[in-house]
Amino acid sequence: MINQYYILCTGNSCRSQMAEGLGKDILGNHWEVYSAGIEAHGLNPKAVEIMDEIGIDISDQESSVIDQNLLNKTDLVITLCGDARENCPVLPPNVKSEHWGLTDPAKAEGTEEEVNQVFRDVRDEIKKELKS
C-alpha cells in the first residue's frame with residue numbers, strides 16, 4: 001500500500017516545492033508526495049535552480065492551493081511554516097501531522113551566493129527531515 005504525504009506552506013513556491021521534489025526522489029517507492037499552499041504564488045525559479053544542482057528537476061511542478069479532497073485522504077500532512085500550520089483546514093482524525101518550521105528562502109537577502117546558500121540550507125534541511 002502506498003501512503004500519501006501532503007506538504008503545505010504559505011505560497012507553494014519554494015519550501016514545499018523543494019520538499020515535494022525531494023520527497024518524490026527519496027520516498028517515491030513508498031509514498032505519493034504532493035505539495036500545496038494557503039495561496040499559489042507560482043514556482044520560484046531559484047528553487048528550480050537549487051534543486052537542479054542535486055539532479056532533481058522540479059520545473060514541471062505547479063504551484064497550487066490546498067485541495068480539501070486530497071487533504072482528507074492523505075496519511076501525513078507536513079507544514080513548513082507557521083502560516084500554513086495556523087491556516088491549514090481542520091484535519092480529519094485519521095490524518096497525522098508534523099510541523100517543520102523552516103526559513104523562507106524567498107525572503108533571503110544579500111549577494112546572489114548568499115541567497116543561493118539560504119536556498120541550499122533549506123533544501124538540505126528538508127532532505128535530512130525526509131530521511132529521518
# chains A, B, ... in the order shown; residues from 1 in each chain; ligands from 1

call {"tool": "residues_around", "arguments": {"residues": "stretch 77-90 of chain A", "least_positions_apart": "5", "cutoff": "6 Å", "atoms": "only C-alpha atoms", "output": "compact mmCIF listing (two decimals) with all heavy atoms, in the first residue's frame"}}
result
# COMPACT_ATOMS: atom_id res chain seq x y z
N TYR A 5 1.92 11.75 1.38
CA TYR A 5 2.46 12.92 2.09
C TYR A 5 1.81 14.13 1.44
O TYR A 5 1.76 14.22 0.21
CB TYR A 5 3.96 13.05 1.79
CG TYR A 5 4.94 12.69 2.85
CD1 TYR A 5 5.10 11.39 3.25
CD2 TYR A 5 5.76 13.67 3.42
CE1 TYR A 5 6.07 11.04 4.19
CE2 TYR A 5 6.72 13.33 4.35
CZ TYR A 5 6.87 12.02 4.73
OH TYR A 5 7.82 11.68 5.65
N TYR A 6 1.40 15.10 2.22
CA TYR A 6 0.91 16.38 1.69
C TYR A 6 1.70 17.46 2.42
O TYR A 6 1.58 17.62 3.62
CB TYR A 6 -0.59 16.51 1.95
CG TYR A 6 -1.33 17.43 1.00
CD1 TYR A 6 -0.77 17.89 -0.18
CD2 TYR A 6 -2.63 17.81 1.29
CE1 TYR A 6 -1.49 18.71 -1.05
CE2 TYR A 6 -3.35 18.63 0.43
CZ TYR A 6 -2.77 19.07 -0.74
OH TYR A 6 -3.47 19.89 -1.59
N ILE A 7 2.50 18.19 1.68
CA ILE A 7 3.41 19.17 2.25
C ILE A 7 2.86 20.57 1.98
O ILE A 7 2.63 20.94 0.82
CB ILE A 7 4.82 19.01 1.65
CG1 ILE A 7 5.31 17.58 1.90
CG2 ILE A 7 5.77 20.03 2.25
CD1 ILE A 7 6.53 17.19 1.10
N LEU A 8 2.65 21.32 3.04
CA LEU A 8 1.97 22.62 2.93
C LEU A 8 2.86 23.77 3.38
O LEU A 8 3.63 23.65 4.34
CB LEU A 8 0.70 22.62 3.78
CG LEU A 8 -0.28 21.47 3.53
CD1 LEU A 8 -1.47 21.58 4.47
CD2 LEU A 8 -0.72 21.43 2.09
N CYS A 9 2.71 24.88 2.68
CA CYS A 9 3.43 26.10 3.00
C CYS A 9 2.53 27.28 2.63
O CYS A 9 1.42 27.09 2.18
CB CYS A 9 4.74 26.13 2.22
SG CYS A 9 6.02 27.07 3.03
N THR A 10 3.02 28.49 2.80
CA THR A 10 2.20 29.66 2.52
C THR A 10 1.87 29.79 1.04
O THR A 10 0.71 29.80 0.65
CB THR A 10 2.90 30.94 3.01
OG1 THR A 10 3.14 30.83 4.40
CG2 THR A 10 2.04 32.16 2.74
N SER A 97 -0.13 14.72 11.48
CA SER A 97 0.52 15.95 11.03
C SER A 97 1.83 16.16 11.76
O SER A 97 2.01 15.71 12.89
CB SER A 97 -0.40 17.15 11.23
OG SER A 97 -0.61 17.38 12.59
N GLU A 98 2.74 16.83 11.07
CA GLU A 98 4.04 17.23 11.62
C GLU A 98 4.27 18.68 11.20
O GLU A 98 3.75 19.12 10.18
CB GLU A 98 5.18 16.37 11.06
CG GLU A 98 5.18 14.94 11.53
CD GLU A 98 6.39 14.17 11.01
OE1 GLU A 98 7.39 14.79 10.57
OE2 GLU A 98 6.33 12.94 11.05
N HIS A 99 5.08 19.36 11.98
CA HIS A 99 5.45 20.73 11.61
C HIS A 99 6.97 20.83 11.57
O HIS A 99 7.64 20.47 12.53
CB HIS A 99 4.89 21.74 12.62
CG HIS A 99 5.28 23.14 12.31
ND1 HIS A 99 4.80 23.82 11.20
CD2 HIS A 99 6.14 23.98 12.93
CE1 HIS A 99 5.35 25.03 11.17
NE2 HIS A 99 6.15 25.15 12.19
N TRP A 100 7.49 21.28 10.44
CA TRP A 100 8.91 21.56 10.29
C TRP A 100 9.03 23.06 10.02
O TRP A 100 8.88 23.50 8.90
CB TRP A 100 9.52 20.82 9.10
CG TRP A 100 9.35 19.34 9.07
CD1 TRP A 100 8.97 18.52 10.10
CD2 TRP A 100 9.53 18.48 7.93
NE1 TRP A 100 8.93 17.22 9.67
CE2 TRP A 100 9.27 17.16 8.35
CE3 TRP A 100 9.91 18.70 6.61
CZ2 TRP A 100 9.36 16.07 7.49
CZ3 TRP A 100 10.00 17.62 5.75
CH2 TRP A 100 9.73 16.31 6.19
N GLY A 101 9.28 23.86 11.02
CA GLY A 101 9.40 25.30 10.83
C GLY A 101 10.69 25.64 10.10
O GLY A 101 11.76 25.55 10.67
N LEU A 102 10.58 26.00 8.84
CA LEU A 102 11.76 26.29 8.02
C LEU A 102 11.80 27.75 7.60
O LEU A 102 10.77 28.38 7.37
CB LEU A 102 11.73 25.42 6.75
CG LEU A 102 11.72 23.91 6.95
CD1 LEU A 102 11.56 23.20 5.61
CD2 LEU A 102 12.97 23.44 7.65

call {"tool": "closest_atom_pairs", "arguments": {"of": "stretch 39-88 of chain A", "to": "stretch 14-32 of chain A", "cutoff": "9 Å", "atoms": "only C-alpha atoms", "output": "Markdown table"}}
result
| residue | atom | partner | partner_atom | distance |
| --- | --- | --- | --- | --- |
| A:Gly42 | CA | A:Cys14 | CA | 8.9 |
| A:Leu43 | CA | A:Cys14 | CA | 6.8 |
| A:Asn44 | CA | A:Cys14 | CA | 5.7 |
| A:Pro45 | CA | A:Cys14 | CA | 8.7 |
| A:Lys46 | CA | A:Cys14 | CA | 8.0 |
| A:Ala47 | CA | A:Cys14 | CA | 5.5 |
| A:Val48 | CA | A:Met18 | CA | 7.9 |
| A:Ile50 | CA | A:Met18 | CA | 8.8 |
| A:Met51 | CA | A:Met18 | CA | 6.8 |
| A:Ile56 | CA | A:Gly21 | CA | 6.7 |
| A:Asp57 | CA | A:Gly21 | CA | 7.4 |
| A:Ile58 | CA | A:Gly21 | CA | 5.9 |
| A:Gln61 | CA | A:Gln17 | CA | 7.4 |
| A:Glu62 | CA | A:Gln17 | CA | 8.3 |
| A:Ser63 | CA | A:Gln17 | CA | 7.7 |
| A:Thr79 | CA | A:Ser16 | CA | 8.5 |
| A:Leu80 | CA | A:Ser16 | CA | 7.1 |
| A:Cys81 | CA | A:Arg15 | CA | 9.0 |

call {"tool": "select_by_dssp", "arguments": {"residues": "stretch 15-124 of chain A", "states": "strand (DSSP E or B)", "output": "ChimeraX atom specification"}}
result
/A:31-37,65,76-79,96-99

call {"tool": "write_last_selection", "arguments": {"atoms": "N, CA and C atoms", "output": "tab-separated table (two decimals), in the first residue's frame"}}
result
chain	number	residue	atom	x	y	z
A	31	TRP	N	5.68	6.32	-0.98
A	31	TRP	CA	4.79	7.46	-0.72
A	31	TRP	C	4.47	8.18	-2.01
A	32	GLU	N	3.24	8.67	-2.12
A	32	GLU	CA	2.89	9.66	-3.13
A	32	GLU	C	3.06	11.00	-2.43
A	33	VAL	N	3.78	11.91	-3.05
A	33	VAL	CA	4.10	13.18	-2.41
A	33	VAL	C	3.48	14.33	-3.20
A	34	TYR	N	2.76	15.19	-2.48
A	34	TYR	CA	2.11	16.35	-3.07
A	34	TYR	C	2.46	17.58	-2.24
A	35	SER	N	2.34	18.75	-2.85
A	35	SER	CA	2.52	19.98	-2.10
A	35	SER	C	1.45	20.98	-2.50
A	36	ALA	N	1.20	21.92	-1.61
A	36	ALA	CA	0.22	22.98	-1.87
A	36	ALA	C	0.49	24.13	-0.92
A	37	GLY	N	-0.24	25.21	-1.13
A	37	GLY	CA	-0.09	26.37	-0.28
A	37	GLY	C	-1.43	26.94	0.14
A	65	VAL	N	-3.14	25.59	-4.60
A	65	VAL	CA	-3.70	25.79	-3.27
A	65	VAL	C	-4.15	24.43	-2.72
A	76	LEU	N	-0.28	11.79	5.91
A	76	LEU	CA	0.56	12.67	6.71
A	76	LEU	C	0.61	14.06	6.08
A	77	VAL	N	0.29	15.07	6.87
A	77	VAL	CA	0.40	16.46	6.44
A	77	VAL	C	1.61	17.06	7.15
A	78	ILE	N	2.48	17.68	6.37
A	78	ILE	CA	3.65	18.36	6.94
A	78	ILE	C	3.53	19.84	6.61
A	79	THR	N	3.50	20.68	7.64
A	79	THR	CA	3.52	22.12	7.42
A	79	THR	C	4.95	22.61	7.58
A	96	LYS	N	-2.41	12.22	10.18
A	96	LYS	CA	-1.34	12.65	11.10
A	96	LYS	C	-0.73	13.94	10.57
A	97	SER	N	-0.13	14.72	11.48
A	97	SER	CA	0.52	15.95	11.03
A	97	SER	C	1.83	16.16	11.76
A	98	GLU	N	2.74	16.83	11.07
A	98	GLU	CA	4.04	17.23	11.62
A	98	GLU	C	4.27	18.68	11.20
A	99	HIS	N	5.08	19.36	11.98
A	99	HIS	CA	5.45	20.73	11.61
A	99	HIS	C	6.97	20.83	11.57

call {"tool": "select_by_dssp", "arguments": {"residues": "stretch 22-108 of chain A", "states": "helix (DSSP H, G or I)", "output": "JSON, numbers by chain"}}
result
{"A": [22, 23, 24, 25, 26, 27, 45, 46, 47, 48, 49, 50, 51, 52, 68, 69, 70, 71, 72, 73, 82, 83, 84, 85, 86, 87, 105, 106, 107]}

call {"tool": "atom_distance", "arguments": {"atom1": "atom CA of A:Asp75", "atom2": "atom CA of A:Glu129"}}
result
16.9 Å

call {"tool": "closest_residue", "arguments": {"among": "A:Gln117, A:Thr111, A:Ser132, A:Thr74", "to": "A:Pro93", "atoms": "only C-alpha atoms"}}
result
A:Thr74

call {"tool": "closest_residue", "arguments": {"among": "A:Ser64, A:Lys128, A:Val115, A:Val122", "to": "A:Thr103", "atoms": "only C-alpha atoms"}}
result
A:Val122
